[in-house]
Structures are given as structure tokens and as C-alpha cells.
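Trainee: Have a look at this one.
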Amino acid sequence: MTDFHSPDARAAAALPLDLAEVRVRFAPSPTGSLHIGGSRLVMYNVLFAHGQARRAGKGGKFILRIEDTDQKRFVEGSAEGLMDGLAWLGLEWDEGPDIGGPYAPYVQSERQHHYREAADQLLANGHAYRCFCTPERLQRVRDDQVKRNLPPGYDRHCRNLGADEIQAKLDAGETFVVRILMPLEGETRFVDLLRGEIVFQNDKIEDLVLLKSDGYPTYHLAVVVDDHEMDITHVTRGPEWIPTAPIHVQLYEALGYEMPIFAHMPLILSPNGGKLSKRDGSAALADFRERGYLPEALLNYLALLGWSLDGKTEFFTMADLLEHFTIERVSAAPSTFDRDKLDWLNQQWINHHLTVEDLAVRCLPFLIAAGTIEEGPHDATHPTYGQVLVAAGLLKDRIRHLTEAPDLMSYFLADELHPYDSALLMPKRVEPAAALGMLKAFREVLPEIDLASHDATEARLRALADELGVKAGQLFMPIRVAATGRTQSPGLFDTLAAIGQDRVARRLDAAIELLEG
RNA sequence: GCCCCCAUGGUCUAGCGGCCUAGGACGUCACCCUUUCAAGGUGAAGAUCGCGGGUUCGAAUCCCGCUGGGGGUACCA
């Protein structure tokens with residue numbers, strides 16, 4: 001049997017020699033927002049198909065399919081939101097509900113007859129049976145089992161109904177579901193790409209429902225049928241599907257389908273334990289977008305959460321990932337979501353991998369939303385772009401999230417300063433009178449200084465500190481606060497230059513008034 | 001309860017039987033740079049590789065058990 005401890009062996013198993021094209025799919029149900037874990041799964045799929053497979057000289061396609069077989073949980077607009085999120089991340093699909101493809105339709109509710117045919121085939125060849133049990137009876141059975149401390153599950157009540165009994169119920173118009181007829185003996189095994197062989201005892205597996213009474217298939221029937229019909233070569237999905245994988249394996253065999261390669265990807269855990277969920281602040285991709293994360297940083301972080309190239313390389317662009325990702329290096333162990341590291345990566349991306357122009361443009365929507373600047377196009381043609389660009393240049397290595405832009409840039413972009421505490425004007429160990437003196441002294445020489453010149457401003461201010469007999473820092477702080485309304489800012493001379501002669505003068509006057517009043 | 005998966009510092013990870021006195025990164029702390037805050041630089045603390053048995057001349061690496069964590073247990077996906 002394959003030695004899955006060897007990376008080479010896993011690599012070989014991932015891309016069998018006779019495989020011409022990798023076809024992987026992401027098949028979400030349109031029941032809510034796209035989870036961060038789903039986003040990572042899509043990325044791994046894309047990297048595997050478009051990266052690893054193509055590098056190996058094979059074809060590689062990533063398919064998007066909507067699994068809307070549960071009418072009750074359907075949420076309007078969720079499929080659109082999902083595609084929106086993936087597009088934002090820059091993850092593209094080759095076939096899907098919106099762009100079509102050779103295997104259309106890519107929406108399960110439009111593929112009904114396939115499932116019904118498969119169910120009929122299973123019914124005919126004895127791998128499935130009709131079950132007429134009512135939901136009430138099933139609930140009763142379960143309650144009873146729980147009460148008696150038995151493992152809850154369907155008691156296979158309808159498994160051995162006679163042909164005439166079945167006919168009678170059908171004639172009477174009783175509704176039914178179709179259940180898989182699991183073998184009661186033996187075992188079902190399959191190879192998971194990340195874990196090696198997994199074995200299940202057949203008698204421990206339930207006769208799960210394949211076709212619901214409303215005629216819709218359950219996930220189990222639908223995935224198997226669609227994955228087969230869409231020629232999916234690698235079934236990638238979350239680890240929560242491992243327990244029902246034997247059902248799928250049985251179905252592949254019973255239907256005479258060729259077995260795909262299974263790869264159950266790892267789970268993303270919450271720092272509080274358990275699956276990462278809404279309760280952990282945010283688990284939805286859209287939340288990260290709103291909170292000012294760069295898609296590049298998120299992708300970078302997600303790639304590293306469960307995968308590594310060499311344990312040392314930290315920065316990856318999508319292009320890097322396409323060049324280096326291999327699915328067999330994805331860890332089977334679940335990993336905990338670490339907000340701190342994501343934040344660090346986001347800041348690193350802003351500080352070192354984004355151009356100032358790019359940063360400025362990305363800040364625009366956040367500045368507009370906050371009302372810091374006027375409505376306008378989200379690009380360099382925005383009327384205030386020039387000022388935003390200057391501010392972005394100064395704040396580039398101080399911004400962690402784009403959402404901070406409105407606050408950090410406010411004193412560059414707005415004419416009026418937010419009210420601030422006059423105490424800020426007086427640094428520690430500086431008397432109020434001294435602070436006032438310094439501000440007045442600066443105000444007096446301001447007209448002689450060309451703020452646009454960093455060097456001239458610095459020379460004059462340092463000289464002024466000497467004249468006043470104080471340390472440079474003691475003089476700079478009151479000026480900084482007067483000009484910006486806060487104690488933290490980019491370098492003082494650049495900051496003054498960006499704010500401009502007139503506004504600096506006005507803000508100085510206001511500060512002096514504040515101290516005198 | 002039953003079934004299944006996983007297990008290297010707080011977190012993400014490297015490691016594929018000797019190169020490991022276990023490497024990198026986040027976080028933490030200290031120092032340097034410095035007009036503040038960042039960024040950057042240097043350094044430190046932090047892991048008896050979950051525990052116990054094997055196999056082997058030799059194990060973080062292979063095997064078994066245990067423990068811990070997680071997942072599943074629907075006419076949801």
C-alpha cells in the first residue's frame with residue numbers, strides 16, 4: 001500500500017501519471033455568507049488546478065457549483081455574494097453558474113433528473129430502498145434510543161419491506177424517501193490524500209437518505225452524481241465529510257462510477273476552541289473586506305494556515321503560490337485562526353508590498369464611507385486623490401488596516417481639527433507657560449519658513465529649540481499636537497509640509513488661544 | 001454513548017530514522033535607531049517534540065496503547 005509518510009509518495013498519489021486533467025470543484029450551498037474556511041478551500045483548489053497540475057504539464061480546471069438542494073435554507077442573494085467574495089480575492093473559476101461551461105447547468109436544482117435516474121438505478125440494482133417512515137416515527141425512534149443510551153440512528157425499519165407491501169403503500173399514495181442500503185458486513189475503505197487509508201466498519205454506517213420526499217436529493221447523492229458527471233477528479237472538501245465518505249464510496253461502486261481521489265482539507269479552529277464561527281468576531285469573508293484587510297494579505301495568511309513551503313518563507317503573492325503550492329504539503333491537522341498574525345501580514349503588505357498610489361486608491365472607499373472626503377470615483381480621478389496620496393505616503397508604514405485611514409488621515413484631509421485635550425500640548429516636564437512660549441515663538445517665525453522644504457523647516461526648528469534653551473523633542477511635541485491634534489504622527493517636518501502653511505498657522509493660533517483661554 | 005480525524009513553544013509551522021545541544025514566523029520582553037508613533041535592526045525568554053510502552057546501534061520522525069483536542073452522529077450541507 002502507498003506509504004503516505006513520504007511526501008514523494010503523496011505527490012505521486014495527488015497526480016497519477018495517467019491523469020490528463022485535474023478537475024476540482026467548490027460546491028457551496030447558498031445558505032449564507034462565504035466562510036473564511038471556504039475561501040481557503042477555494043484557494044487551495046485553484047492553486048492545485050491552476051498551479052500544481054498545470055506545472056506538471058496537465059490540464060487544470062476549477063469549477064464552481066451551487067448545491068441548492070435544501071429549499072428550506074435557501075438565502076436569496078447568497079450565491080451572488082459568494083461569487084463576489086471570490087472575485088474580490090482574485091480567485092477565478094473556469095466553469096460555473098454565471099459563466100456556464102461544457103457541463104452546465106452548474107446549479108443542482110436544475111439537474112433534478114440526474115439524481116432521480118441515479119436513485120432509480122440504485123433502487124433497481126438493490127443498493128437502495130424506499131422508506132415510508134414518517135418524520136414523527138423517526139423522531140420517536142431517536143428519542144427512544146437516546147433514552148436507552150443507544151447510539152441514535154435509523155433502525156432500518158423499511159429495509160426489508162416486501163414488493164407487495166411497497167406497491168400497496170405506493171398505491172395508497174404514501175410519500176417515501178430513498179435510502180442507501182449499506183452492507184451489514186465488511187468494511188469500506190478509501191484513501192485520503194492527506195491522511196492515507198481510512199477504514200470504516202459497514203455495520204456502523206447508517207442507511208442515510210439519498211432522495212428526500214420532496215424529490216430533491218440529499219448532499220450524498222447529489223455530490224456523487226454531479227462529481228461523476230462533471231468528471232471531477234479530486235474531491236476536496238472539509239473534514240466534516242470524512243464520516244460520511246464511506247457512503248459516497250459505496251455509491252460510486254453501486255453506480256459503477258470511477259472513484260475520484262479524496263482530499264479532506266483541514267478545519268480552521270477558533271482561538272476559543274471549536275470551529276471558527278460567527279461568534280468569534282468574524283468568520284465571513286465579507287467581514288474581513290469591511291475591516292480593511294487586503295485580499296493579498298488574507299490570501300497570504302490563509303495559504304500559510306495549514307500549508308507551508310519550507311517553514312521559512314512568509315510572503316507569497318498569488319503568483320508565488322501558483323508556482324510553489326503542492327496539495328500534498330497541506331497539513332491534515334486543524335489550525336487555529338490567529339488574528340495577530342493576519343494583522344501583521346496585512347500591515348506588512350501595506351508597508352512593503354503596496355505602492356503609495358495603490359494604497360491611496362484602496363483607502364478611497366473607506367475615506368468616502370467615513371465621510372472624511374467627498375463622494376467620487378474610487379480611483380486617481382477623485383478630486384481629493386492628490387491629498388490622499390500625500391497622506392498615504394506619510395502613513396504607509398503606520399497603517400495596519402485600511403479602516404484606520406479615515407482617522408489617521410483626518411488632519412491632512414480636513415480643514416478643521418477634531419477638538420483635542422489642551423493637556424496634550426504640554427509634554428511631561430514642560431510647564432504650561434513654557435509650552436505656550438514655544439508655540440508663540442514658532443508662530444512668529446512661521447512666515448519666514450518654507451514648510452515645503454523639509455530641511456529648511458528642520459534647520460529652523462532645531463535652531464529655535466536652541467534659542468529657547470529646550471531640547472528639540474520638547475519643542476516638537478507641542479507643535480505636533482497643535483498641528484495634528486494628537487501626539488502621534490509621521491515625521492513632524494513632512495507632516496507640517498503636507499498640512500500646509502495656512503492651516504498650520506491657523507491651528508497654531510487655535511492652540512495658543514486654547515492655552516491662553 | 002458510538003464512529004472518525006488530529007497531536008513540535010501561547011499561535012502558525014520546518015522536520016520524513018543519525019546533519020536537532022529541535023529551525024523560522026506571529027505574539028511577548030529588552031536594547032539600538034529616533035522629534036512622537038510606527039517601520040527597521042539586534043537580542044532574550046518560551047518546547048523534557050502530549051504521556052507511556054515498544055522497534056532500532058540510534059526516534060520529534062516507525063508501531064501500539066493512553067490522554068487531550070476536534071469533527072460527525074438530520075428527509076442540512
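We name chains A, B, ... following the order of the C-alpha cells; residues begin at 1 in each chain, and ligands are numbered from 1 as shown.
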Show me a table, sorted first by chain and then by increasing residue number, of the residues of chain A having an atom at most 6 Å from chain B, each with its shortest atom pair and the distance in Å to one decimal, counting only C-alpha atoms (C1' of nucleotides) and written as a Markdown table.
Mentor:
```
| residue | atom | partner | partner_atom | distance |
| --- | --- | --- | --- | --- |
| A:Pro151 | CA | B:C2 | C1' | 5.5 |
| A:Lys212 | CA | B:C75 | C1' | 4.6 |
| A:Glu240 | CA | B:G71 | C1' | 5.6 |
| A:Pro243 | CA | B:G72 | C1' | 5.7 |
| A:Gly311 | CA | B:A14 | C1' | 4.4 |
| A:Lys312 | CA | B:G24 | C1' | 4.6 |
| A:Ala333 | CA | B:C6 | C1' | 5.2 |
| A:Lys341 | CA | B:C26 | C1' | 4.8 |
| A:Asp397 | CA | B:A39 | C1' | 5.5 |
| A:Arg398 | CA | B:A38 | C1' | 4.8 |
| A:Gly473 | CA | B:U35 | C1' | 4.7 |
| A:Phe476 | CA | B:U35 | C1' | 5.6 |
| A:Gln488 | CA | B:C37 | C1' | 4.8 |
```
Trainee: With distances taken over only C-alpha atoms (C1' of nucleotides), which of B:U56, B:U34, B:U28, B:U42 is nearest to B:G10?
Mentor: B:U28
Trainee: Using only C-alpha atoms for the distances, tell me which of A:Ala369, A:Leu298, A:Leu451, A:Ile261 is nearest to A:Asp338.
Mentor: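 Selected residue with least distance to A:Asp338: A:Leu298.
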Trainee: For stretch 68-75 of chain A, please output as a PyMOL selection string all residues within 9 Å (counting only C-alpha atoms (C1' of nucleotides); exclusion window: fewer than 4 positions along the same chain).
Mentor: (chain A and resi 28-32+79+107-109+216-219+222) or (chain B and resi 76-77)
Trainee: Could you give me, as an MDAnalysis selection string, the residues within 7 Å of B:C49, counting only C-alpha atoms (C1' of nucleotides) and dropping anything in the same chain fewer than 2 positions from it?
Mentor: chainID B and resid 8 47 60
Trainee: If I take atom CA of A:Asp407 and atom CA of A:Tyr420, how far is one from the other in Å, to one decimal?
Mentor: 13.6 Å
Trainee: Which residues, written as a VMD selection string, have at least one atom at most 12 Å from A:Ala463, with only C-alpha atoms (C1' of nucleotides) counted and residues fewer than 3 positions away on the same chain left out?
Mentor: chain A and resid 441 to 442 445 456 to 460 466 to 472 475 to 476
Trainee: Can you spit out the residues from that selection as a compact mmCIF listing (two decimals), in the first residue's frame, using all heavy atoms?
Mentor:
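After the write, again-v6.txt holds the following:
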```
# COMPACT_ATOMS: atom_id res chain seq x y z
N ALA A 441 6.58 81.31 19.89
CA ALA A 441 7.86 81.52 19.20
C ALA A 441 7.81 80.94 17.79
O ALA A 441 8.26 81.57 16.81
CB ALA A 441 9.00 80.88 20.00
N PHE A 442 7.25 79.75 17.68
CA PHE A 442 7.16 79.11 16.37
C PHE A 442 6.21 79.90 15.47
O PHE A 442 6.47 80.11 14.29
CB PHE A 442 6.71 77.67 16.51
CG PHE A 442 6.52 76.97 15.18
CD1 PHE A 442 7.56 76.98 14.23
CD2 PHE A 442 5.35 76.30 14.87
CE1 PHE A 442 7.40 76.35 13.01
CE2 PHE A 442 5.19 75.69 13.64
CZ PHE A 442 6.21 75.70 12.70
N VAL A 445 7.99 82.84 13.88
CA VAL A 445 8.94 82.61 12.79
C VAL A 445 8.32 81.87 11.61
O VAL A 445 8.92 81.77 10.54
CB VAL A 445 10.18 81.81 13.27
CG1 VAL A 445 10.89 82.60 14.37
CG2 VAL A 445 9.79 80.43 13.76
N ALA A 456 14.81 72.89 5.43
CA ALA A 456 14.75 74.26 5.94
C ALA A 456 13.95 74.29 7.25
O ALA A 456 14.33 74.94 8.22
CB ALA A 456 14.10 75.17 4.91
N THR A 457 12.83 73.58 7.24
CA THR A 457 12.00 73.54 8.43
C THR A 457 12.76 72.94 9.61
O THR A 457 12.76 73.47 10.72
CB THR A 457 10.73 72.70 8.18
OG1 THR A 457 10.09 73.17 7.00
CG2 THR A 457 9.77 72.79 9.36
N GLU A 458 13.43 71.83 9.33
CA GLU A 458 14.17 71.17 10.40
C GLU A 458 15.26 72.10 10.97
O GLU A 458 15.39 72.24 12.19
CB GLU A 458 14.82 69.87 9.90
CG GLU A 458 15.76 69.25 10.94
CD GLU A 458 16.05 67.79 10.71
OE1 GLU A 458 15.83 67.32 9.58
OE2 GLU A 458 16.49 67.12 11.66
N ALA A 459 16.01 72.76 10.05
CA ALA A 459 17.10 73.62 10.49
C ALA A 459 16.57 74.75 11.38
O ALA A 459 17.10 75.02 12.45
CB ALA A 459 17.82 74.19 9.28
N ARG A 460 15.46 75.33 10.93
CA ARG A 460 14.93 76.47 11.69
C ARG A 460 14.38 76.04 13.04
O ARG A 460 14.55 76.72 14.04
CB ARG A 460 13.83 77.16 10.85
CG ARG A 460 13.37 78.49 11.44
CD ARG A 460 14.54 79.50 11.43
NE ARG A 460 14.27 80.68 12.24
CZ ARG A 460 14.54 80.79 13.56
NH1 ARG A 460 15.10 79.76 14.20
NH2 ARG A 460 14.29 81.90 14.23
N ASP A 466 17.25 75.66 20.28
CA ASP A 466 18.46 76.16 20.91
C ASP A 466 18.21 77.54 21.52
O ASP A 466 18.57 77.81 22.65
CB ASP A 466 19.59 76.29 19.88
CG ASP A 466 20.26 74.94 19.63
OD1 ASP A 466 19.99 74.01 20.45
OD2 ASP A 466 21.00 74.81 18.65
N GLU A 467 17.58 78.39 20.72
CA GLU A 467 17.30 79.75 21.19
C GLU A 467 16.46 79.74 22.45
O GLU A 467 16.65 80.54 23.36
CB GLU A 467 16.57 80.54 20.10
CG GLU A 467 17.43 80.83 18.88
CD GLU A 467 16.59 81.19 17.65
OE1 GLU A 467 15.44 81.65 17.83
OE2 GLU A 467 17.08 80.96 16.52
N LEU A 468 15.50 78.80 22.48
CA LEU A 468 14.60 78.73 23.64
C LEU A 468 15.23 77.98 24.79
O LEU A 468 14.70 77.93 25.90
CB LEU A 468 13.29 78.04 23.25
CG LEU A 468 12.43 78.80 22.22
CD1 LEU A 468 11.30 77.90 21.73
CD2 LEU A 468 11.88 80.08 22.84
N GLY A 469 16.37 77.34 24.50
CA GLY A 469 17.04 76.58 25.54
C GLY A 469 16.32 75.30 25.91
O GLY A 469 16.37 74.86 27.06
N VAL A 470 15.61 74.70 24.98
CA VAL A 470 14.94 73.41 25.25
C VAL A 470 15.43 72.37 24.26
O VAL A 470 16.03 72.69 23.24
CB VAL A 470 13.40 73.54 25.13
CG1 VAL A 470 12.87 74.53 26.16
CG2 VAL A 470 13.01 73.92 23.72
N LYS A 471 15.15 71.11 24.62
CA LYS A 471 15.53 70.04 23.70
C LYS A 471 14.58 70.04 22.51
O LYS A 471 13.43 70.47 22.62
CB LYS A 471 15.44 68.68 24.40
CG LYS A 471 16.53 68.45 25.43
CD LYS A 471 16.48 67.02 25.94
CE LYS A 471 17.56 66.80 26.99
NZ LYS A 471 17.30 65.56 27.74
N ALA A 472 15.12 69.57 21.39
CA ALA A 472 14.32 69.55 20.17
C ALA A 472 12.98 68.86 20.39
O ALA A 472 11.93 69.38 20.01
CB ALA A 472 15.10 68.86 19.05
N LEU A 475 10.28 70.86 22.04
CA LEU A 475 9.66 71.86 21.18
C LEU A 475 8.74 71.21 20.14
O LEU A 475 7.66 71.70 19.84
CB LEU A 475 10.74 72.68 20.45
CG LEU A 475 10.24 73.61 19.33
CD1 LEU A 475 9.34 74.71 19.91
CD2 LEU A 475 11.42 74.22 18.57
N PHE A 476 9.21 70.07 19.62
CA PHE A 476 8.47 69.42 18.54
C PHE A 476 7.10 68.93 18.98
O PHE A 476 6.14 68.98 18.21
CB PHE A 476 9.27 68.23 17.98
CG PHE A 476 10.55 68.65 17.29
CD1 PHE A 476 11.43 67.69 16.78
CD2 PHE A 476 10.88 70.00 17.14
CE1 PHE A 476 12.61 68.07 16.15
CE2 PHE A 476 12.07 70.39 16.50
CZ PHE A 476 12.94 69.42 16.01
```
Trainee: Leaving out A:Arg142 and any residue of its chain fewer than 4 positions from it, which residues lie within 10 Å of it when counting only C-alpha atoms (C1' of nucleotides), given as a CSV table (one decimal) with all heavy atoms, in the first residue's frame?
Mentor:
```csv
chain,number,residue,atom,x,y,z
A,136,GLU,N,-42.2,11.8,12.2
A,136,GLU,CA,-42.6,11.6,13.6
A,136,GLU,C,-42.1,10.3,14.1
A,136,GLU,O,-41.6,10.2,15.2
A,136,GLU,CB,-44.1,11.6,13.7
A,136,GLU,CG,-44.7,13.0,13.4
A,136,GLU,CD,-44.7,13.4,11.9
A,136,GLU,OE1,-44.8,12.4,11.0
A,136,GLU,OE2,-44.5,14.6,11.6
A,137,ARG,N,-42.2,9.2,13.3
A,137,ARG,CA,-41.7,7.9,13.7
A,137,ARG,C,-40.2,7.9,13.9
A,137,ARG,O,-39.7,7.4,14.9
A,137,ARG,CB,-42.0,6.8,12.7
A,137,ARG,CG,-41.8,5.4,13.3
A,137,ARG,CD,-41.8,4.3,12.3
A,137,ARG,NE,-40.5,3.9,11.9
A,137,ARG,CZ,-39.7,3.0,12.5
A,137,ARG,NH1,-40.1,2.5,13.7
A,137,ARG,NH2,-38.6,2.7,12.1
A,138,LEU,N,-39.5,8.6,13.0
A,138,LEU,CA,-38.0,8.7,13.1
A,138,LEU,C,-37.6,9.4,14.4
A,138,LEU,O,-36.7,9.0,15.1
A,138,LEU,CB,-37.4,9.4,11.9
A,138,LEU,CG,-37.7,8.7,10.6
A,138,LEU,CD1,-37.1,9.6,9.5
A,138,LEU,CD2,-37.0,7.4,10.5
A,146,VAL,N,-32.0,7.4,22.5
A,146,VAL,CA,-31.3,8.3,23.4
A,146,VAL,C,-31.6,7.9,24.8
A,146,VAL,O,-30.8,7.8,25.7
A,146,VAL,CB,-31.6,9.8,23.1
A,146,VAL,CG1,-31.0,10.7,24.2
A,146,VAL,CG2,-31.1,10.2,21.8
A,147,LYS,N,-32.9,7.7,25.1
A,147,LYS,CA,-33.4,7.4,26.4
A,147,LYS,C,-32.7,6.1,26.9
A,147,LYS,O,-32.3,6.0,28.1
A,147,LYS,CB,-34.9,7.2,26.4
A,147,LYS,CG,-35.5,7.4,27.8
A,147,LYS,CD,-37.0,7.3,27.7
A,147,LYS,CE,-37.7,8.1,26.7
A,147,LYS,NZ,-39.1,7.7,26.4
A,148,ARG,N,-32.6,5.1,26.0
A,148,ARG,CA,-32.0,3.9,26.4
A,148,ARG,C,-30.5,3.8,26.2
A,148,ARG,O,-29.9,2.8,26.2
A,148,ARG,CB,-32.7,2.7,25.7
A,148,ARG,CG,-34.1,2.6,26.1
A,148,ARG,CD,-34.9,1.7,25.3
A,148,ARG,NE,-34.2,0.5,24.6
A,148,ARG,CZ,-34.6,0.0,23.5
A,148,ARG,NH1,-35.7,0.4,22.8
A,148,ARG,NH2,-33.9,-1.0,23.0
A,150,LEU,N,-28.6,4.2,23.7
A,150,LEU,CA,-28.2,3.5,22.5
A,150,LEU,C,-27.7,4.6,21.5
A,150,LEU,O,-28.2,5.7,21.5
A,150,LEU,CB,-29.3,2.7,21.9
A,150,LEU,CG,-29.7,1.5,22.8
A,150,LEU,CD1,-31.0,0.9,22.2
A,150,LEU,CD2,-28.6,0.4,22.8
A,151,PRO,N,-26.8,4.2,20.6
A,151,PRO,CA,-26.5,5.2,19.5
A,151,PRO,C,-27.7,5.5,18.7
A,151,PRO,O,-28.4,4.6,18.2
A,151,PRO,CB,-25.4,4.4,18.7
A,151,PRO,CG,-25.5,3.0,19.1
A,151,PRO,CD,-26.1,3.0,20.5
A,152,PRO,N,-28.0,6.8,18.5
A,152,PRO,CA,-29.1,7.2,17.8
A,152,PRO,C,-28.9,6.9,16.3
A,152,PRO,O,-27.8,7.0,15.8
A,152,PRO,CB,-29.3,8.7,18.0
A,152,PRO,CG,-27.9,9.1,18.4
A,152,PRO,CD,-27.2,8.0,19.0
A,153,GLY,N,-30.0,6.6,15.6
A,153,GLY,CA,-29.9,6.3,14.2
A,153,GLY,C,-31.1,5.6,13.6
A,153,GLY,O,-31.9,5.1,14.4
A,154,TYR,N,-31.2,5.6,12.3
A,154,TYR,CA,-32.3,4.9,11.7
A,154,TYR,C,-32.3,3.4,11.9
A,154,TYR,O,-31.2,2.8,11.8
A,154,TYR,CB,-32.3,5.2,10.2
A,154,TYR,CG,-33.5,4.6,9.5
A,154,TYR,CD1,-34.8,4.8,9.9
A,154,TYR,CD2,-33.3,3.7,8.4
A,154,TYR,CE1,-35.9,4.2,9.2
A,154,TYR,CE2,-34.3,3.1,7.8
A,154,TYR,CZ,-35.6,3.4,8.2
A,154,TYR,OH,-36.7,2.8,7.5
A,155,ASP,N,-33.4,2.8,12.3
A,155,ASP,CA,-33.4,1.4,12.6
A,155,ASP,C,-33.6,0.5,11.4
A,155,ASP,O,-33.9,-0.7,11.6
A,155,ASP,CB,-34.5,1.1,13.7
A,155,ASP,CG,-35.9,1.5,13.2
A,155,ASP,OD1,-36.0,2.0,12.0
A,155,ASP,OD2,-36.8,1.4,13.9
```
Trainee: For B:G54, list every protein, DNA or RNA residue within 12 Å, evaluated using only C-alpha atoms (C1' of nucleotides), and leave out those in the same chain fewer than 3 positions away; present the list as a compact mmCIF listing (two decimals) with N, CA, C and O atoms (P, O5', C5', C4', C3', O3' and C1' of nucleotides), in the first residue's frame.
Mentor:
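Output saved as selection.txt:
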```
# COMPACT_ATOMS: atom_id res chain seq x y z
P A B 59 16.56 6.33 20.14
O5' A B 59 16.10 7.11 18.80
C5' A B 59 16.39 8.51 18.58
C4' A B 59 15.09 9.18 18.17
C3' A B 59 14.06 9.06 19.29
O3' A B 59 13.90 10.19 20.12
C1' A B 59 13.22 8.13 17.21
P C B 62 6.46 8.94 11.71
O5' C B 62 6.80 7.38 11.76
C5' C B 62 7.03 6.64 10.57
C4' C B 62 7.12 5.17 10.90
C3' C B 62 6.07 4.69 11.90
O3' C B 62 4.86 4.39 11.25
C1' C B 62 8.20 3.92 12.56
P C B 63 3.48 4.48 12.09
O5' C B 63 3.55 3.18 12.99
C5' C B 63 3.46 1.88 12.41
C4' C B 63 3.39 0.85 13.51
C3' C B 63 2.35 1.15 14.58
O3' C B 63 1.07 0.66 14.20
C1' C B 63 4.40 0.67 15.63
P C B 64 -0.25 1.38 14.79
O5' C B 64 -0.28 0.85 16.28
C5' C B 64 -0.52 -0.52 16.55
C4' C B 64 -0.44 -0.76 18.05
C3' C B 64 -1.32 0.13 18.90
O3' C B 64 -2.65 -0.32 18.96
C1' C B 64 0.85 0.05 19.83
P G B 65 -3.82 0.75 19.26
O5' G B 65 -3.66 1.03 20.82
C5' G B 65 -3.94 0.00 21.77
C4' G B 65 -3.52 0.48 23.14
C3' G B 65 -4.20 1.76 23.62
O3' G B 65 -5.46 1.50 24.19
C1' G B 65 -1.87 1.90 24.00
```
Trainee: Run DSSP on the backbone and tell me which residues of stretch 318-407 of chain A come out as alpha helix (DSSP H); list them as a PyMOL selection string.
Mentor: chain A and resi 318-324+339-348+356-370+385-395+405-407
Trainee: To one decimal place in Å, what is the distance between atom CA of A:Ile479 and atom CA of A:Asp421?
Mentor: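 Distance between the two atoms: 14.1 Å.
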Trainee: Could you pull out the residues in stretch 259-483 of chain A that DSSP calls strand (DSSP E or B) from the backbone, as a PDB file with C-alpha atoms, in the first residue's frame?
Mentor:
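Result saved to states.pdb:
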```pdb
ATOM      1  CA  ILE A 261      -9.241  10.953  -5.277  1.00  0.00           C
ATOM      2  CA  PHE A 262     -10.409  12.188  -1.889  1.00  0.00           C
ATOM      3  CA  ALA A 263      -8.684  15.019  -0.078  1.00  0.00           C
ATOM      4  CA  HIS A 264     -10.334  16.246   3.098  1.00  0.00           C
ATOM      5  CA  ILE A 268      -9.907  26.237  10.825  1.00  0.00           C
ATOM      6  CA  LEU A 269     -10.358  26.396  14.564  1.00  0.00           C
ATOM      7  CA  LYS A 275     -14.850  25.522  14.566  1.00  0.00           C
ATOM      8  CA  ALA A 284     -17.230  35.551   6.974  1.00  0.00           C
ATOM      9  CA  TRP A 307       0.365  24.868   4.310  1.00  0.00           C
ATOM     10  CA  VAL A 330      -1.276  20.716   3.193  1.00  0.00           C
ATOM     11  CA  SER A 335      -5.150  25.037  12.735  1.00  0.00           C
ATOM     12  CA  THR A 336      -6.195  27.891  14.960  1.00  0.00           C
TER      13      THR A 336
END
```
Trainee: Between atom CA of A:Asp226 and atom CA of A:Cys133, what is the distance in Å, rounded to a tenth?
Mentor: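 These atoms are spaced 27.5 Å apart.
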Trainee: Looking at only C-alpha atoms (C1' of nucleotides), which of B:A22, B:C31, B:G17, B:G40 is the one that sits closest to A:Gln348?
Mentor: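 Under the stated criterion, the closest residue is B:G40.
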